[in-house]
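Enquirer: Sharing entry_19.csv (CSV, C-alpha atoms) below.
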chain,number,residue,atom,x,y,z
M,7,MET,CA,-24.7,20.9,-14.1
M,8,GLU,CA,-24.5,22.3,-10.6
M,9,PRO,CA,-21.5,24.4,-9.6
M,10,PRO,CA,-18.9,22.7,-7.4
M,11,ARG,CA,-19.8,22.7,-3.8
M,12,ALA,CA,-17.6,24.5,-1.2
M,13,PHE,CA,-17.3,24.2,2.6
M,14,GLU,CA,-20.1,26.7,3.0
M,15,ASP,CA,-22.6,24.3,1.4
M,16,PHE,CA,-22.3,21.6,4.0
M,17,ALA,CA,-24.4,21.7,7.2
M,18,VAL,CA,-24.7,19.4,10.2
M,19,GLY,CA,-27.7,17.1,9.7
M,20,GLN,CA,-27.5,17.1,5.9
M,21,ARG,CA,-28.3,13.6,4.6
M,22,PHE,CA,-27.2,12.0,1.4
M,23,ARG,CA,-27.6,8.6,-0.4
M,24,SER,CA,-26.8,6.6,-3.5
M,25,ALA,CA,-28.7,7.3,-6.7
M,26,ARG,CA,-28.6,3.6,-7.3
M,27,ALA,CA,-27.1,0.4,-5.8
M,28,ARG,CA,-23.9,-1.2,-7.2
M,29,ALA,CA,-23.8,-4.9,-7.8
M,30,VAL,CA,-20.7,-6.9,-6.7
M,31,GLY,CA,-19.7,-10.0,-8.8
M,32,ALA,CA,-17.5,-13.0,-8.0
M,33,ALA,CA,-15.0,-11.9,-10.8
M,34,GLN,CA,-14.6,-8.5,-9.3
M,35,ILE,CA,-14.2,-9.9,-5.8
M,36,LYS,CA,-11.4,-12.2,-7.0
M,37,THR,CA,-9.7,-9.5,-9.1
M,38,PHE,CA,-9.6,-7.0,-6.3
M,39,ALA,CA,-8.3,-9.7,-3.8
M,40,ALA,CA,-5.6,-10.9,-6.2
M,41,GLU,CA,-4.1,-7.4,-6.2
M,42,PHE,CA,-4.8,-6.2,-2.7
M,43,ASP,CA,-5.9,-8.9,-0.3
M,44,PRO,CA,-4.9,-12.4,-1.5
M,45,GLN,CA,-6.5,-14.6,1.2
M,46,PRO,CA,-8.3,-17.8,0.4
M,47,PHE,CA,-11.8,-16.6,1.3
M,48,HIS,CA,-11.5,-13.7,-1.2
M,49,LEU,CA,-9.9,-15.7,-4.1
M,50,ASP,CA,-11.6,-19.1,-4.6
M,51,GLU,CA,-15.1,-20.4,-3.9
M,52,GLU,CA,-13.9,-23.9,-3.0
M,53,ALA,CA,-11.2,-22.8,-0.6
M,54,ALA,CA,-13.6,-20.2,0.9
M,55,ARG,CA,-16.1,-22.9,1.7
M,56,ARG,CA,-13.7,-24.5,4.1
M,57,THR,CA,-13.2,-21.2,6.1
M,58,PRO,CA,-15.5,-19.7,8.7
M,59,PHE,CA,-17.1,-17.5,6.0
M,60,GLY,CA,-18.5,-20.7,4.3
M,61,GLY,CA,-18.0,-19.2,0.8
M,62,LEU,CA,-16.4,-16.4,-1.2
M,63,VAL,CA,-16.6,-13.0,0.5
M,64,ALA,CA,-15.3,-9.6,-0.7
M,65,SER,CA,-12.2,-8.2,0.9
M,66,GLY,CA,-13.2,-5.6,3.5
M,67,TRP,CA,-11.1,-3.1,1.6
M,68,HIS,CA,-13.0,-3.9,-1.6
M,69,THR,CA,-16.2,-3.1,0.3
M,70,ALA,CA,-14.7,0.1,1.7
M,71,ALA,CA,-13.5,1.2,-1.8
M,72,LEU,CA,-17.0,0.5,-3.2
M,73,GLY,CA,-18.3,2.7,-0.4
M,74,MET,CA,-16.1,5.5,-1.7
M,75,ARG,CA,-17.5,5.1,-5.2
M,76,LEU,CA,-21.1,5.2,-3.7
M,77,ILE,CA,-20.2,8.4,-1.8
M,78,VAL,CA,-18.8,10.0,-5.0
M,79,ASP,CA,-21.9,9.1,-6.9
M,80,SER,CA,-24.3,10.2,-4.2
M,81,ASP,CA,-26.0,13.5,-3.7
M,82,LEU,CA,-23.4,14.6,-1.1
M,83,GLY,CA,-21.8,16.5,-4.0
M,84,LEU,CA,-18.3,16.1,-2.8
M,85,ASP,CA,-17.0,15.0,-6.2
M,86,GLY,CA,-13.6,16.7,-6.9
M,87,GLN,CA,-14.0,19.0,-3.9
M,88,GLY,CA,-12.8,17.1,-0.9
M,89,ALA,CA,-9.5,15.7,0.3
M,90,GLY,CA,-9.7,12.7,2.7
M,91,VAL,CA,-8.1,13.4,6.0
M,92,ALA,CA,-9.1,10.4,8.1
M,93,VAL,CA,-11.6,7.7,8.7
M,94,GLU,CA,-12.7,7.1,12.3
M,95,ASN,CA,-14.2,3.9,13.5
M,96,MET,CA,-14.8,1.9,10.3
M,97,ARG,CA,-16.7,-1.4,11.1
M,98,TRP,CA,-17.4,-4.3,8.9
M,99,ARG,CA,-20.7,-5.6,10.2
M,100,ARG,CA,-21.5,-8.4,7.7
M,101,PRO,CA,-19.6,-10.1,4.8
M,102,VAL,CA,-20.3,-9.0,1.2
M,103,ARG,CA,-20.9,-11.9,-1.1
M,104,ALA,CA,-21.0,-12.3,-4.9
M,105,GLY,CA,-24.4,-11.1,-6.1
M,106,ASP,CA,-24.9,-8.5,-3.4
M,107,ALA,CA,-25.9,-5.0,-4.4
M,108,LEU,CA,-24.7,-2.1,-2.1
M,109,ARG,CA,-25.9,1.4,-1.5
M,110,VAL,CA,-24.8,4.1,0.9
M,111,GLU,CA,-26.7,6.3,3.3
M,112,GLY,CA,-25.0,9.1,5.2
M,113,THR,CA,-25.3,12.2,7.4
M,114,VAL,CA,-23.0,15.2,7.9
M,115,ILE,CA,-22.2,15.3,11.6
M,116,GLU,CA,-19.7,18.2,11.8
M,117,ALA,CA,-18.7,21.2,9.7
M,118,ARG,CA,-16.1,23.6,11.1
M,119,ALA,CA,-13.2,25.8,10.1
M,120,SER,CA,-9.8,24.3,9.8
M,121,ARG,CA,-7.3,25.8,12.3
M,122,SER,CA,-4.3,24.9,10.3
M,123,ARG,CA,-5.7,25.7,6.8
M,124,PRO,CA,-7.7,28.9,6.8
M,125,ALA,CA,-8.8,28.4,3.1
M,126,SER,CA,-10.5,25.1,4.0
M,127,GLY,CA,-13.1,23.7,6.3
M,128,ILE,CA,-13.4,20.2,7.9
M,129,VAL,CA,-16.5,18.2,7.1
M,130,LYS,CA,-17.2,15.0,9.0
M,131,PHE,CA,-19.9,12.5,7.9
M,132,GLN,CA,-21.1,9.1,8.9
M,133,THR,CA,-21.9,6.5,6.3
M,134,ARG,CA,-23.7,3.1,6.3
M,135,LEU,CA,-23.3,0.7,3.4
M,136,LEU,CA,-26.4,-1.5,3.1
M,137,ASN,CA,-27.0,-4.6,1.0
M,138,GLN,CA,-30.1,-5.6,-1.0
M,139,ARG,CA,-31.7,-6.9,2.2
M,140,ASP,CA,-31.2,-3.5,3.9
M,141,GLU,CA,-28.6,-5.1,6.2
M,142,VAL,CA,-25.7,-2.9,7.2
M,143,VAL,CA,-22.4,-4.3,5.9
M,144,LEU,CA,-20.1,-1.4,6.7
M,145,GLU,CA,-20.2,1.7,8.9
M,146,ALA,CA,-17.6,4.5,9.0
M,147,SER,CA,-17.0,8.2,9.9
M,148,HIS,CA,-15.2,10.2,7.3
M,149,VAL,CA,-13.2,13.4,7.8
M,150,VAL,CA,-12.7,15.5,4.7
M,151,LEU,CA,-11.0,18.8,4.0
M,152,VAL,CA,-13.1,21.0,1.7
M,153,SER,CA,-12.1,24.4,0.2
M,154,ARG,CA,-14.0,27.5,1.4
M,155,ARG,CA,-15.7,29.7,-1.1
M,156,SER,CA,-14.7,32.8,0.8
M,157,VAL,CA,-11.7,32.9,3.2
M,158,PRO,CA,-12.4,34.8,6.4
M,159,SER,CA,-10.2,37.8,6.9
M,160,GLY,CA,-7.8,37.4,9.8
M,161,GLY,CA,-7.0,33.8,8.7
M,162,ALA,CA,-7.3,30.9,11.1
M,163,ARG,CA,-8.6,31.3,14.6
C,28,MET,CA,6.2,-23.5,5.1
C,29,GLU,CA,5.1,-22.4,8.6
C,30,PRO,CA,1.9,-23.7,10.1
C,31,PRO,CA,-1.0,-21.2,10.1
C,32,ARG,CA,-0.9,-18.8,13.0
C,33,ALA,CA,-3.6,-18.8,15.7
C,34,PHE,CA,-4.7,-16.2,18.3
C,35,GLU,CA,-2.2,-17.7,20.8
C,36,ASP,CA,0.7,-16.7,18.5
C,37,PHE,CA,0.1,-13.0,18.8
C,38,ALA,CA,1.5,-10.9,21.7
C,39,VAL,CA,1.4,-7.2,22.5
C,40,GLY,CA,4.6,-5.6,21.4
C,41,GLN,CA,5.1,-7.9,18.4
C,42,ARG,CA,6.5,-6.0,15.5
C,43,PHE,CA,6.1,-6.7,11.8
C,44,ARG,CA,7.2,-5.2,8.5
C,45,SER,CA,7.1,-5.6,4.7
C,46,ALA,CA,9.5,-8.0,3.1
C,47,ARG,CA,9.8,-5.4,0.3
C,48,ALA,CA,8.3,-2.2,-0.9
C,49,ARG,CA,5.6,-2.0,-3.5
C,50,ALA,CA,5.8,0.5,-6.3
C,51,VAL,CA,2.7,2.6,-7.4
C,52,GLY,CA,2.4,3.6,-11.0
C,53,ALA,CA,0.3,6.2,-12.8
C,54,ALA,CA,-1.7,3.5,-14.7
C,55,GLN,CA,-2.6,1.7,-11.5
C,56,ILE,CA,-3.6,5.0,-9.8
C,57,LYS,CA,-6.0,5.8,-12.7
C,58,THR,CA,-7.4,2.3,-13.0
C,59,PHE,CA,-8.2,2.1,-9.3
C,60,ALA,CA,-9.8,5.6,-9.4
C,61,ALA,CA,-11.9,4.9,-12.5
C,62,GLU,CA,-13.5,2.0,-10.6
C,63,PHE,CA,-13.7,3.3,-7.0
C,64,ASP,CA,-12.9,7.0,-6.7
C,65,PRO,CA,-13.4,8.9,-10.0
C,66,GLN,CA,-12.2,12.4,-9.0
C,67,PRO,CA,-10.0,14.6,-11.3
C,68,PHE,CA,-6.9,14.5,-9.1
C,69,HIS,CA,-6.9,10.7,-9.3
C,70,LEU,CA,-7.7,10.3,-13.0
C,71,ASP,CA,-5.8,12.7,-15.1
C,72,GLU,CA,-2.4,14.4,-14.7
C,73,GLU,CA,-3.5,17.6,-16.5
C,74,ALA,CA,-6.7,18.0,-14.5
C,75,ALA,CA,-4.8,17.1,-11.3
C,76,ARG,CA,-2.3,19.9,-11.9
C,77,ARG,CA,-5.1,22.5,-11.5
C,78,THR,CA,-6.1,21.1,-8.0
C,79,PRO,CA,-4.5,21.8,-4.6
C,80,PHE,CA,-2.6,18.5,-5.0
C,81,GLY,CA,-0.7,20.0,-8.0
C,82,GLY,CA,-0.5,16.6,-9.8
C,83,LEU,CA,-1.9,13.1,-9.9
C,84,VAL,CA,-2.3,11.4,-6.5
C,85,ALA,CA,-3.6,8.0,-5.6
C,86,SER,CA,-7.0,7.6,-4.1
C,87,GLY,CA,-6.7,7.3,-0.3
C,88,TRP,CA,-8.6,4.0,-0.7
C,89,HIS,CA,-6.0,2.8,-3.1
C,90,THR,CA,-3.3,3.6,-0.6
C,91,ALA,CA,-5.3,1.8,2.1
C,92,ALA,CA,-5.8,-1.3,-0.1
C,93,LEU,CA,-2.1,-1.3,-0.8
C,94,GLY,CA,-1.6,-1.2,2.9
C,95,MET,CA,-3.7,-4.4,3.3
C,96,ARG,CA,-1.5,-6.1,0.6
C,97,LEU,CA,1.6,-5.0,2.5
C,98,ILE,CA,0.2,-6.4,5.7
C,99,VAL,CA,-0.7,-9.8,4.1
C,100,ASP,CA,2.8,-10.0,2.6
C,101,SER,CA,4.5,-9.0,5.9
C,102,ASP,CA,5.8,-11.2,8.6
C,103,LEU,CA,2.7,-10.6,10.8
C,104,GLY,CA,1.6,-14.0,9.5
C,105,LEU,CA,-2.1,-13.2,9.4
C,106,ASP,CA,-2.5,-14.6,5.9
C,107,GLY,CA,-5.8,-16.5,5.8
C,108,GLN,CA,-6.3,-16.5,9.5
C,109,GLY,CA,-7.9,-13.2,10.3
C,110,ALA,CA,-11.3,-11.5,9.7
C,111,GLY,CA,-11.3,-7.8,9.7
C,112,VAL,CA,-13.6,-6.3,12.3
C,113,ALA,CA,-12.8,-2.6,12.3
C,114,VAL,CA,-10.3,0.1,11.5
C,115,GLU,CA,-9.9,2.8,14.1
C,116,ASN,CA,-8.5,6.2,13.3
C,117,MET,CA,-7.0,5.8,9.8
C,118,ARG,CA,-5.2,9.0,8.8
C,119,TRP,CA,-3.9,10.0,5.4
C,120,ARG,CA,-0.7,11.9,6.3
C,121,ARG,CA,0.7,12.6,2.8
C,122,PRO,CA,-0.4,12.1,-0.8
C,123,VAL,CA,0.9,9.0,-2.7
C,124,ARG,CA,2.2,9.9,-6.2
C,125,ALA,CA,3.1,7.8,-9.2
C,126,GLY,CA,6.6,6.4,-8.8
C,127,ASP,CA,6.3,6.2,-5.0
C,128,ALA,CA,7.2,2.8,-3.3
C,129,LEU,CA,5.4,1.9,-0.1
C,130,ARG,CA,6.2,-0.4,2.8
C,131,VAL,CA,4.5,-1.1,6.1
C,132,GLU,CA,5.6,-1.2,9.7
C,133,GLY,CA,3.4,-2.3,12.5
C,134,THR,CA,3.0,-3.3,16.1
C,135,VAL,CA,0.5,-5.5,17.9
C,136,ILE,CA,-1.1,-3.3,20.6
C,137,GLU,CA,-3.8,-5.6,22.0
C,138,ALA,CA,-4.5,-9.4,22.1
C,139,ARG,CA,-7.5,-10.5,24.1
C,140,ALA,CA,-10.3,-13.1,24.2
C,141,SER,CA,-13.5,-12.4,22.4
C,142,ARG,CA,-16.5,-12.1,24.7
C,143,SER,CA,-19.0,-12.9,22.0
C,144,ARG,CA,-17.0,-15.6,20.1
C,145,PRO,CA,-15.2,-18.0,22.5
C,146,ALA,CA,-13.4,-19.8,19.6
C,147,SER,CA,-11.6,-16.6,18.6
C,148,GLY,CA,-9.5,-13.8,20.0
C,149,ILE,CA,-9.3,-10.1,19.1
C,150,VAL,CA,-5.9,-8.8,17.8
C,151,LYS,CA,-5.4,-5.1,17.4
C,152,PHE,CA,-2.4,-3.7,15.6
C,153,GLN,CA,-1.2,-0.3,14.5
C,154,THR,CA,0.3,0.3,11.1
C,155,ARG,CA,2.3,3.0,9.4
C,156,LEU,CA,2.7,3.1,5.6
C,157,LEU,CA,6.0,4.8,4.5
C,158,ASN,CA,7.2,6.0,1.1
C,159,GLN,CA,10.7,5.7,-0.3
C,160,ARG,CA,11.7,8.9,1.6
C,161,ASP,CA,10.6,7.2,4.9
C,162,GLU,CA,7.7,9.7,5.2
C,163,VAL,CA,4.5,8.4,6.7
C,164,VAL,CA,1.7,8.4,4.2
C,165,LEU,CA,-1.0,6.5,6.1
C,166,GLU,CA,-1.5,5.4,9.7
C,167,ALA,CA,-4.3,3.1,11.0
C,168,SER,CA,-5.3,0.8,13.9
C,169,HIS,CA,-6.7,-2.5,12.7
C,170,VAL,CA,-9.0,-4.8,14.7
C,171,VAL,CA,-9.0,-8.5,13.6
C,172,LEU,CA,-10.7,-11.6,14.8
C,173,VAL,CA,-8.3,-14.6,14.9
C,174,SER,CA,-9.3,-18.3,15.6
C,175,ARG,CA,-7.9,-19.8,18.8
C,176,ARG,CA,-5.9,-23.0,18.6
C,177,SER,CA,-7.5,-24.3,21.8
C,178,VAL,CA,-10.9,-23.1,23.0
C,179,PRO,CA,-11.0,-22.5,26.8
C,180,SER,CA,-13.5,-24.7,28.6
C,181,GLY,CA,-16.4,-22.8,30.0
C,182,GLY,CA,-16.6,-20.6,26.9
C,183,ALA,CA,-16.6,-16.9,26.9
C,184,ARG,CA,-16.0,-14.9,30.1
With the file now loaded, output its structure as structure tokens.

Expert:
Amino acid sequence: MEPPRAFEDFAVGQRFRSARARAVGAAQIKTFAAEFDPQPFHLDEEAARRTPFGGLVASGWHTAALGMRLIVDSDLGLDGQGAGVAVENMRWRRPVRAGDALRVEGTVIEARASRSRPASGIVKFQTRLLNQRDEVVLEASHVVLVSRRSVPSGGAR
Amino acid sequence: MEPPRAFEDFAVGQRFRSARARAVGAAQIKTFAAEFDPQPFHLDEEAARRTPFGGLVASGWHTAALGMRLIVDSDLGLDGQGAGVAVENMRWRRPVRAGDALRVEGTVIEARASRSRPASGIVKFQTRLLNQRDEVVLEASHVVLVSRRSVPSGGAR
């Protein structure tokens, strides 16, 4: 088991990806929607056929949550070490349908000291969720606070 | 029952809010986390106490999904009529803990024709999720595609 990562372990340009894809089933789509996004195109195949989607599609928030799971399970190594600060510019590019299998690809685009929290750094990374046809379904930029291994003397600058 | 809303029914400055708050329990926090965000501070009280959060906190994606449910149940009237395009600048301001009760407040900040889809318009709205102490826990700007009641002749401009 690798030791937990700290802010110092992240560098701009670092790439990460899913170890494996995650399948999405109709039952999961409906269960998530019943709790968090009860709209016809997420709840019922027949009702969904009469909408512009033409069939059952996952809630965009279900897709985003699956994206988080794929990030946690990826080789980014952020598991248990980060605290989400923000998501900038999340875009749903294509619907996710029952039977799709999703994976994530990402790149660290920023790693800098936190002005307000000297014991932490800010790591920003871009992610793309792809389906089994390698089509992008979701893109987002994540901003995460990560503890530093060593805190610079003099505190925040 | 009101007729479904269309793009023409949304105007800049329109405000909306939850009919009622939704409570968040420890069991729900752990169930969501086990599926979508399995990190110690979302899964187990004892492990969470040893993290900077000092106790169990909801996954930020759980909070965001609850925000969607609050929007669907609000008087925005978007239920079944919108398709999420993007979320711009979502910020987690405070942790959500077991026992918190969340509500949403929002304002429509943009309503314009879609260049690429003449049968639809783009509606943008800002939301704030608040807890039972009226503290903001999450802020976001949502971009949604909404069908027009009447399509302008000549198509997109």

Enquirer: So that I can check the surroundings of Arg26 in chain M, please list as an mmCIF file with C-alpha atoms, in the coordinates of the input every protein, DNA and RNA residue that reaches within 9 Å of it, counting only C-alpha atoms and ignoring chain neighbours fewer than 3 positions away.

Expert:
data_model
loop_
_atom_site.group_PDB
_atom_site.id
_atom_site.type_symbol
_atom_site.label_atom_id
_atom_site.label_comp_id
_atom_site.auth_asym_id
_atom_site.auth_seq_id
_atom_site.Cartn_x
_atom_site.Cartn_y
_atom_site.Cartn_z
ATOM 1 C CA ARG M 23 -27.600 8.600 -0.400
ATOM 2 C CA LEU M 76 -21.100 5.200 -3.700
ATOM 3 C CA ASP M 79 -21.900 9.100 -6.900
ATOM 4 C CA SER M 80 -24.300 10.200 -4.200
ATOM 5 C CA LEU M 108 -24.700 -2.100 -2.100
ATOM 6 C CA ARG M 109 -25.900 1.400 -1.500
#

Enquirer: Quick one: which residues from chain M are at most 7 Å off chain C, using all atoms listed in the file, as a list in words?

Expert: Phe42, Asp43, Gln45, Pro46, Gly66, Trp67, Ala71, Leu72, Met74, Arg75, Val78, Asp85, Gly86, Gly90, Val91, Ala92, Val93, Glu94, Asn95, Met96, Arg97 and Trp98 of chain M

Enquirer: Under the rule that all atoms listed in the file are counted, which of C:Leu103, C:Ala50, C:Ala125, C:Ala140 is the nearest residue to Asp71 in chain C?

Expert: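 Of the candidates, the smallest distance to Asp71 in chain C is held by C:Ala125.
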
Enquirer: Please provide chain M as a tab-separated table (two decimals) with C-alpha atoms, in the frame of the given file, once it has been superposed on chain C by least squares across all sequentially paired Cα atoms.

Expert:
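That gives us out-v6.tsv:
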chain	number	residue	atom	x	y	z
M	7	MET	CA	6.14	-23.49	5.11
M	8	GLU	CA	5.14	-22.43	8.59
M	9	PRO	CA	1.86	-23.66	10.05
M	10	PRO	CA	-1.00	-21.15	10.14
M	11	ARG	CA	-0.84	-18.85	13.04
M	12	ALA	CA	-3.64	-18.80	15.69
M	13	PHE	CA	-4.68	-16.23	18.32
M	14	GLU	CA	-2.20	-17.74	20.74
M	15	ASP	CA	0.73	-16.68	18.54
M	16	PHE	CA	0.11	-12.98	18.78
M	17	ALA	CA	1.51	-10.92	21.69
M	18	VAL	CA	1.37	-7.24	22.59
M	19	GLY	CA	4.56	-5.54	21.39
M	20	GLN	CA	5.13	-7.91	18.47
M	21	ARG	CA	6.42	-5.93	15.47
M	22	PHE	CA	6.10	-6.75	11.83
M	23	ARG	CA	7.10	-5.18	8.44
M	24	SER	CA	7.08	-5.60	4.69
M	25	ALA	CA	9.53	-8.00	3.08
M	26	ARG	CA	9.82	-5.49	0.31
M	27	ALA	CA	8.28	-2.16	-0.84
M	28	ARG	CA	5.55	-2.01	-3.54
M	29	ALA	CA	5.83	0.50	-6.31
M	30	VAL	CA	2.72	2.52	-7.34
M	31	GLY	CA	2.39	3.57	-11.06
M	32	ALA	CA	0.29	6.25	-12.76
M	33	ALA	CA	-1.67	3.48	-14.70
M	34	GLN	CA	-2.60	1.73	-11.53
M	35	ILE	CA	-3.59	4.96	-9.83
M	36	LYS	CA	-5.93	5.82	-12.73
M	37	THR	CA	-7.36	2.29	-12.99
M	38	PHE	CA	-8.19	2.06	-9.33
M	39	ALA	CA	-9.78	5.63	-9.38
M	40	ALA	CA	-11.85	4.89	-12.48
M	41	GLU	CA	-13.56	2.05	-10.61
M	42	PHE	CA	-13.66	3.33	-7.07
M	43	ASP	CA	-12.88	7.01	-6.71
M	44	PRO	CA	-13.37	8.93	-9.99
M	45	GLN	CA	-12.19	12.43	-8.99
M	46	PRO	CA	-10.04	14.56	-11.22
M	47	PHE	CA	-6.89	14.43	-9.09
M	48	HIS	CA	-6.89	10.60	-9.24
M	49	LEU	CA	-7.73	10.24	-13.01
M	50	ASP	CA	-5.72	12.71	-15.15
M	51	GLU	CA	-2.35	14.41	-14.73
M	52	GLU	CA	-3.46	17.61	-16.46
M	53	ALA	CA	-6.65	18.05	-14.50
M	54	ALA	CA	-4.80	17.12	-11.26
M	55	ARG	CA	-2.32	19.91	-11.83
M	56	ARG	CA	-5.03	22.47	-11.49
M	57	THR	CA	-6.16	21.10	-8.02
M	58	PRO	CA	-4.54	21.71	-4.66
M	59	PHE	CA	-2.59	18.43	-5.02
M	60	GLY	CA	-0.66	19.97	-8.01
M	61	GLY	CA	-0.55	16.59	-9.84
M	62	LEU	CA	-1.91	13.05	-9.93
M	63	VAL	CA	-2.30	11.47	-6.50
M	64	ALA	CA	-3.57	7.97	-5.56
M	65	SER	CA	-7.02	7.65	-4.10
M	66	GLY	CA	-6.75	7.31	-0.31
M	67	TRP	CA	-8.59	4.03	-0.62
M	68	HIS	CA	-6.04	2.80	-3.16
M	69	THR	CA	-3.35	3.58	-0.58
M	70	ALA	CA	-5.32	1.85	2.16
M	71	ALA	CA	-5.87	-1.27	-0.05
M	72	LEU	CA	-2.12	-1.34	-0.84
M	73	GLY	CA	-1.57	-1.23	2.91
M	74	MET	CA	-3.66	-4.38	3.22
M	75	ARG	CA	-1.56	-6.14	0.60
M	76	LEU	CA	1.65	-5.03	2.52
M	77	ILE	CA	0.16	-6.42	5.77
M	78	VAL	CA	-0.68	-9.75	4.05
M	79	ASP	CA	2.80	-10.01	2.68
M	80	SER	CA	4.52	-9.02	5.89
M	81	ASP	CA	5.85	-11.17	8.66
M	82	LEU	CA	2.71	-10.60	10.79
M	83	GLY	CA	1.59	-13.99	9.45
M	84	LEU	CA	-2.04	-13.19	9.40
M	85	ASP	CA	-2.55	-14.53	5.88
M	86	GLY	CA	-5.85	-16.53	5.72
M	87	GLN	CA	-6.23	-16.44	9.51
M	88	GLY	CA	-7.87	-13.18	10.36
M	89	ALA	CA	-11.23	-11.57	9.74
M	90	GLY	CA	-11.31	-7.73	9.73
M	91	VAL	CA	-13.58	-6.34	12.35
M	92	ALA	CA	-12.81	-2.62	12.28
M	93	VAL	CA	-10.30	0.04	11.56
M	94	GLU	CA	-9.91	2.82	14.14
M	95	ASN	CA	-8.45	6.17	13.36
M	96	MET	CA	-7.08	5.79	9.82
M	97	ARG	CA	-5.15	8.99	8.76
M	98	TRP	CA	-3.82	9.94	5.43
M	99	ARG	CA	-0.76	12.00	6.27
M	100	ARG	CA	0.72	12.69	2.80
M	101	PRO	CA	-0.43	12.08	-0.83
M	102	VAL	CA	0.89	9.04	-2.74
M	103	ARG	CA	2.15	9.92	-6.16
M	104	ALA	CA	3.04	7.88	-9.27
M	105	GLY	CA	6.52	6.44	-8.75
M	106	ASP	CA	6.28	6.12	-4.99
M	107	ALA	CA	7.21	2.84	-3.38
M	108	LEU	CA	5.37	1.91	-0.07
M	109	ARG	CA	6.17	-0.36	2.79
M	110	VAL	CA	4.42	-1.06	6.07
M	111	GLU	CA	5.64	-1.15	9.63
M	112	GLY	CA	3.40	-2.28	12.47
M	113	THR	CA	3.03	-3.31	16.12
M	114	VAL	CA	0.47	-5.51	17.90
M	115	ILE	CA	-1.07	-3.35	20.61
M	116	GLU	CA	-3.76	-5.66	22.05
M	117	ALA	CA	-4.52	-9.38	22.12
M	118	ARG	CA	-7.52	-10.57	24.15
M	119	ALA	CA	-10.30	-13.11	24.18
M	120	SER	CA	-13.46	-12.37	22.33
M	121	ARG	CA	-16.51	-12.17	24.66
M	122	SER	CA	-18.98	-12.92	21.98
M	123	ARG	CA	-16.96	-15.62	20.11
M	124	PRO	CA	-15.24	-17.97	22.49
M	125	ALA	CA	-13.38	-19.80	19.60
M	126	SER	CA	-11.67	-16.55	18.58
M	127	GLY	CA	-9.49	-13.84	19.97
M	128	ILE	CA	-9.27	-10.09	19.07
M	129	VAL	CA	-5.94	-8.81	17.85
M	130	LYS	CA	-5.41	-5.08	17.44
M	131	PHE	CA	-2.37	-3.62	15.60
M	132	GLN	CA	-1.16	-0.26	14.49
M	133	THR	CA	0.33	0.21	11.07
M	134	ARG	CA	2.33	3.00	9.32
M	135	LEU	CA	2.69	3.04	5.55
M	136	LEU	CA	5.94	4.79	4.58
M	137	ASN	CA	7.17	5.95	1.19
M	138	GLN	CA	10.67	5.71	-0.33
M	139	ARG	CA	11.68	8.83	1.61
M	140	ASP	CA	10.61	7.19	4.91
M	141	GLU	CA	7.72	9.68	5.14
M	142	VAL	CA	4.53	8.38	6.68
M	143	VAL	CA	1.67	8.43	4.16
M	144	LEU	CA	-0.95	6.50	6.11
M	145	GLU	CA	-1.51	5.46	9.72
M	146	ALA	CA	-4.27	3.15	11.01
M	147	SER	CA	-5.30	0.77	13.87
M	148	HIS	CA	-6.68	-2.53	12.77
M	149	VAL	CA	-8.96	-4.86	14.74
M	150	VAL	CA	-8.98	-8.46	13.59
M	151	LEU	CA	-10.73	-11.59	14.77
M	152	VAL	CA	-8.37	-14.59	14.81
M	153	SER	CA	-9.29	-18.24	15.58
M	154	ARG	CA	-7.90	-19.79	18.80
M	155	ARG	CA	-5.89	-22.93	18.61
M	156	SER	CA	-7.47	-24.25	21.77
M	157	VAL	CA	-10.89	-23.05	23.05
M	158	PRO	CA	-10.98	-22.50	26.80
M	159	SER	CA	-13.45	-24.68	28.60
M	160	GLY	CA	-16.35	-22.74	30.06
M	161	GLY	CA	-16.65	-20.67	26.83
M	162	ALA	CA	-16.63	-16.89	26.91
M	163	ARG	CA	-16.09	-14.94	30.08

Enquirer: Nearest to Arg155 in chain C: which of C:Arg32, C:Ala85, C:Thr90, C:Arg76 is it, counting only C-alpha atoms?

Expert: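 Of C:Arg32, C:Ala85, C:Thr90, C:Arg76, the one nearest Arg155 in chain C, counting only C-alpha atoms, is C:Thr90.
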
Enquirer: Generate N, CA and C atoms for range 142-148 of chain C and emit them as a tab-separated table (two decimals), keeping the file's coordinate frame.

Expert:
chain	number	residue	atom	x	y	z
C	142	ARG	N	-15.34	-11.82	23.77
C	142	ARG	CA	-16.50	-12.10	24.70
C	142	ARG	C	-17.57	-12.86	23.90
C	143	SER	N	-17.84	-12.39	22.69
C	143	SER	CA	-19.00	-12.90	22.00
C	143	SER	C	-18.65	-14.22	21.19
C	144	ARG	N	-17.34	-14.44	20.90
C	144	ARG	CA	-17.00	-15.60	20.10
C	144	ARG	C	-15.84	-16.37	20.84
C	145	PRO	N	-16.20	-17.35	21.68
C	145	PRO	CA	-15.20	-18.00	22.50
C	145	PRO	C	-14.13	-18.76	21.68
C	146	ALA	N	-14.41	-19.09	20.42
C	146	ALA	CA	-13.40	-19.80	19.60
C	146	ALA	C	-12.40	-18.86	18.98
C	147	SER	N	-12.53	-17.54	19.26
C	147	SER	CA	-11.60	-16.60	18.60
C	147	SER	C	-11.09	-15.57	19.64
C	148	GLY	N	-10.04	-14.89	19.21
C	148	GLY	CA	-9.50	-13.80	20.00
C	148	GLY	C	-9.48	-12.53	19.12
